[in-house]
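A.B. asks: Take this structure first; my questions come after.
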Amino acid sequence: MSQKHQAIKDAALIAVLASILFVQQIALSFLPNIQFTALLIVLYSRVIGFKKTIFIVVIHVFAINILSPFGPVIPMQIPAMLLGWLLIPIMLHTVFKKAESAWSLAIIGFLFGFIYGWLFIPVSIWILDIPFLTYFYADVLFEIIMAVSNFLTILWLYEPLKKLLLDQKSKYYMTICEPKNQI
Amino acid sequence: MKTTALKIAVSIIVVLITAILVHFLSASNQATSDGTLRITIVDDNGQTVFNGDVSYLENDSFYDVLQREFELTCASSSYQADASCSYDFQNFAYEGKILLGIANDDFSIQTDWSNSFLAFELFDGSDFYLATQGVSRIEFSNQDQIRISVRSVSEGLS
């Protein structure tokens with residue numbers, strides 16, 4: 001496959017996977033902090049690699065803030081949201097590079113539920129002037145829900161989805177060499 | 001087989017612990033006896049438009065107290081203004097009403113959730129601090145002071 005074809009295929013793959021990420025989050029947004037976003041980003045990080053996952057996360061954060069029927073988050077919180085979701089591929093390619101099993105990734109997902117919530121604290125305190133304890137008490141329930149949601153979805157769905165995505169990926173990138181001079 | 005059994009066991013334990021935590025962190029906070037509250041309402045210009053005592057009855061939520069004393073506008077399921085206040089949010093993480101507007105014969109305050117909202121603050125004897133629960137679940141007791149004020153989303157809470 002030429003580099004050009006490879007780039008087109010990569011771009012199409014990024015678009016499709018970003019769409020899946022976007023649609024599931026919108027579809028589940030009536031349930032606070034219950035979604036497959038962490039699971040999918042973990043899956044993308046492990047199957048399609050760091051760079052493509054970074055692109056997908058950036059597209060997702062902008063898409064969710066521009067197109068969500070529930071409206072964007074406060075503009076000052078967008079960097080926290082972006083950093084939050086980028087932390088998954090960054091952590092999985094650095095400190096947790098060796099974490100491969102569903103159990104270890106589920107525990108990372110659980111911890112991430114709290115870390116993601118805490119990333120919004122600086123903006124809330126310093127820019128929006130919300131008192132720390134007020135914000136912390138009000139948010140802790142949602143952090144617990146996100147942590148548990150991440151843990152359960154990764155624990156149960158990571159391995160079957162990884163198998164499925166790896167299978168689809170190998171078919172997608174399979175090179176077909178057609179003879180040029182057929183008689 | 002052993003791994004699946006372990007996954008099921010761990011999942012059940014995690015869900016049970018979460019349910020217990022959600023239950024304890026989401027206390028309904030209804031009044032345990034009759035009493036009175038001092039309510040202060042501040043409009044978007046910072047002017048106090050209401051400052052007075054209101055009575056409440058046993059088993060009232062703070063929303064019930066306000067509903068008896070004022071004309072309220074709540075959020076519908078899509079966060080649009082709904083004067084009938086017929087919609088109850090039933091998420092496990094938040095149950096109850098979302099208040100967007102409050103009025104009586106002398107004043108009328110309306111927020112839109114996206115750009116402005118109503119902040120609820122409780123007086124602790126020296127200063128007001130933000131409530132950590134919604135209007136249906138704010139904890140209160142006899143002689144408490146609660147301030148309701150209009151805030152801009154972009155300008156923050158202080």
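Simple scheme: letters A, B, ... for chains in structure tokens order, numbers from 1 for residues in each chain, numbers from 1 for ligands in the order shown.
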Enumerate, in order of chain and increasing residue number, the residues of chain B with an atom no farther than 12 Å from chain A, each with its shortest atom pair and distance in Å to one decimal, counting only C-alpha atoms, as JSON lines.
C.D. replies:
{"residue": "B:Thr3", "atom": "CA", "partner": "A:Trp103", "partner_atom": "CA", "distance": 10.3}
{"residue": "B:Thr4", "atom": "CA", "partner": "A:Trp156", "partner_atom": "CA", "distance": 9.2}
{"residue": "B:Ala5", "atom": "CA", "partner": "A:Trp156", "partner_atom": "CA", "distance": 11.9}
{"residue": "B:Leu6", "atom": "CA", "partner": "A:Trp103", "partner_atom": "CA", "distance": 10.7}
{"residue": "B:Lys7", "atom": "CA", "partner": "A:Leu155", "partner_atom": "CA", "distance": 7.5}
{"residue": "B:Ile8", "atom": "CA", "partner": "A:Trp156", "partner_atom": "CA", "distance": 9.3}
{"residue": "B:Ala9", "atom": "CA", "partner": "A:Leu152", "partner_atom": "CA", "distance": 11.7}
{"residue": "B:Val10", "atom": "CA", "partner": "A:Leu152", "partner_atom": "CA", "distance": 9.3}
{"residue": "B:Ser11", "atom": "CA", "partner": "A:Leu152", "partner_atom": "CA", "distance": 6.6}
{"residue": "B:Ile12", "atom": "CA", "partner": "A:Leu152", "partner_atom": "CA", "distance": 9.9}
{"residue": "B:Ile13", "atom": "CA", "partner": "A:Val148", "partner_atom": "CA", "distance": 10.9}
{"residue": "B:Val14", "atom": "CA", "partner": "A:Val148", "partner_atom": "CA", "distance": 7.1}
{"residue": "B:Val15", "atom": "CA", "partner": "A:Val148", "partner_atom": "CA", "distance": 7.6}
{"residue": "B:Leu16", "atom": "CA", "partner": "A:Val148", "partner_atom": "CA", "distance": 10.8}
{"residue": "B:Ile17", "atom": "CA", "partner": "A:Val148", "partner_atom": "CA", "distance": 9.9}
{"residue": "B:Thr18", "atom": "CA", "partner": "A:Ile144", "partner_atom": "CA", "distance": 7.3}
{"residue": "B:Ala19", "atom": "CA", "partner": "A:Ile145", "partner_atom": "CA", "distance": 9.6}
{"residue": "B:Ile20", "atom": "CA", "partner": "A:Leu141", "partner_atom": "CA", "distance": 11.4}
{"residue": "B:Leu21", "atom": "CA", "partner": "A:Leu141", "partner_atom": "CA", "distance": 8.0}
{"residue": "B:Val22", "atom": "CA", "partner": "A:Leu141", "partner_atom": "CA", "distance": 6.7}
{"residue": "B:His23", "atom": "CA", "partner": "A:Leu141", "partner_atom": "CA", "distance": 10.1}
{"residue": "B:Phe24", "atom": "CA", "partner": "A:Leu141", "partner_atom": "CA", "distance": 10.1}
{"residue": "B:Leu25", "atom": "CA", "partner": "A:Leu141", "partner_atom": "CA", "distance": 7.1}
{"residue": "B:Ser26", "atom": "CA", "partner": "A:Leu141", "partner_atom": "CA", "distance": 8.7}
{"residue": "B:Ser77", "atom": "CA", "partner": "A:Phe30", "partner_atom": "CA", "distance": 9.5}
{"residue": "B:Ser78", "atom": "CA", "partner": "A:Phe70", "partner_atom": "CA", "distance": 8.0}
{"residue": "B:Tyr79", "atom": "CA", "partner": "A:Phe70", "partner_atom": "CA", "distance": 8.8}
{"residue": "B:Gln80", "atom": "CA", "partner": "A:Phe70", "partner_atom": "CA", "distance": 11.2}
{"residue": "B:Phe89", "atom": "CA", "partner": "A:Phe30", "partner_atom": "CA", "distance": 10.2}
{"residue": "B:Gln90", "atom": "CA", "partner": "A:Leu31", "partner_atom": "CA", "distance": 9.9}
{"residue": "B:Asn91", "atom": "CA", "partner": "A:Leu31", "partner_atom": "CA", "distance": 6.9}
{"residue": "B:Phe92", "atom": "CA", "partner": "A:Leu31", "partner_atom": "CA", "distance": 8.6}
{"residue": "B:Ala93", "atom": "CA", "partner": "A:Leu141", "partner_atom": "CA", "distance": 7.0}
{"residue": "B:Tyr94", "atom": "CA", "partner": "A:Pro32", "partner_atom": "CA", "distance": 8.9}
{"residue": "B:Glu95", "atom": "CA", "partner": "A:Pro32", "partner_atom": "CA", "distance": 11.8}
{"residue": "B:Trp113", "atom": "CA", "partner": "A:Gly71", "partner_atom": "CA", "distance": 10.7}
{"residue": "B:Ser114", "atom": "CA", "partner": "A:Gly71", "partner_atom": "CA", "distance": 8.0}
{"residue": "B:Asn115", "atom": "CA", "partner": "A:Ile74", "partner_atom": "CA", "distance": 9.6}
{"residue": "B:Ser116", "atom": "CA", "partner": "A:Ile74", "partner_atom": "CA", "distance": 11.9}
{"residue": "B:Ala119", "atom": "CA", "partner": "A:Ile130", "partner_atom": "CA", "distance": 11.0}
{"residue": "B:Phe120", "atom": "CA", "partner": "A:Thr134", "partner_atom": "CA", "distance": 11.6}
{"residue": "B:Glu121", "atom": "CA", "partner": "A:Thr134", "partner_atom": "CA", "distance": 10.6}
{"residue": "B:Leu122", "atom": "CA", "partner": "A:Thr134", "partner_atom": "CA", "distance": 11.6}
{"residue": "B:Phe128", "atom": "CA", "partner": "A:Pro131", "partner_atom": "CA", "distance": 11.3}
{"residue": "B:Tyr129", "atom": "CA", "partner": "A:Thr134", "partner_atom": "CA", "distance": 8.0}
{"residue": "B:Leu130", "atom": "CA", "partner": "A:Thr134", "partner_atom": "CA", "distance": 6.4}
{"residue": "B:Ala131", "atom": "CA", "partner": "A:Thr134", "partner_atom": "CA", "distance": 7.1}
{"residue": "B:Thr132", "atom": "CA", "partner": "A:Ala138", "partner_atom": "CA", "distance": 5.1}
{"residue": "B:Gln133", "atom": "CA", "partner": "A:Ala138", "partner_atom": "CA", "distance": 6.9}
{"residue": "B:Gly134", "atom": "CA", "partner": "A:Ala138", "partner_atom": "CA", "distance": 9.6}
{"residue": "B:Ile138", "atom": "CA", "partner": "A:Ala138", "partner_atom": "CA", "distance": 11.9}
{"residue": "B:Arg151", "atom": "CA", "partner": "A:Leu128", "partner_atom": "CA", "distance": 10.9}
{"residue": "B:Ser152", "atom": "CA", "partner": "A:Leu128", "partner_atom": "CA", "distance": 9.9}
{"residue": "B:Val153", "atom": "CA", "partner": "A:Ile74", "partner_atom": "CA", "distance": 7.8}
{"residue": "B:Ser154", "atom": "CA", "partner": "A:Ile74", "partner_atom": "CA", "distance": 7.1}
{"residue": "B:Glu155", "atom": "CA", "partner": "A:Leu128", "partner_atom": "CA", "distance": 6.4}
{"residue": "B:Gly156", "atom": "CA", "partner": "A:Leu128", "partner_atom": "CA", "distance": 3.9}
{"residue": "B:Leu157", "atom": "CA", "partner": "A:Asp129", "partner_atom": "CA", "distance": 5.6}
{"residue": "B:Ser158", "atom": "CA", "partner": "A:Asp129", "partner_atom": "CA", "distance": 5.7}
A.B. asks: Would you pick out the contacts of Ile90 (chain A) at 12 Å or less, using only C-alpha atoms, so that residues sharing its chain but fewer than 5 positions from it are not included, and give the list as JSON, numbers by chain?
C.D. replies: {"A": [41, 42, 45, 46, 49, 50, 51, 53, 54, 57, 83, 84, 85, 95, 96, 97]}
A.B. asks: For the atom pair CA of Cys74 (chain B) and CA of Gln30 (chain B), what is the interatomic distance in Å to one decimal place?
C.D. replies: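 Separating CA of Cys74 (chain B) from CA of Gln30 (chain B) is a distance of 19.5 Å.
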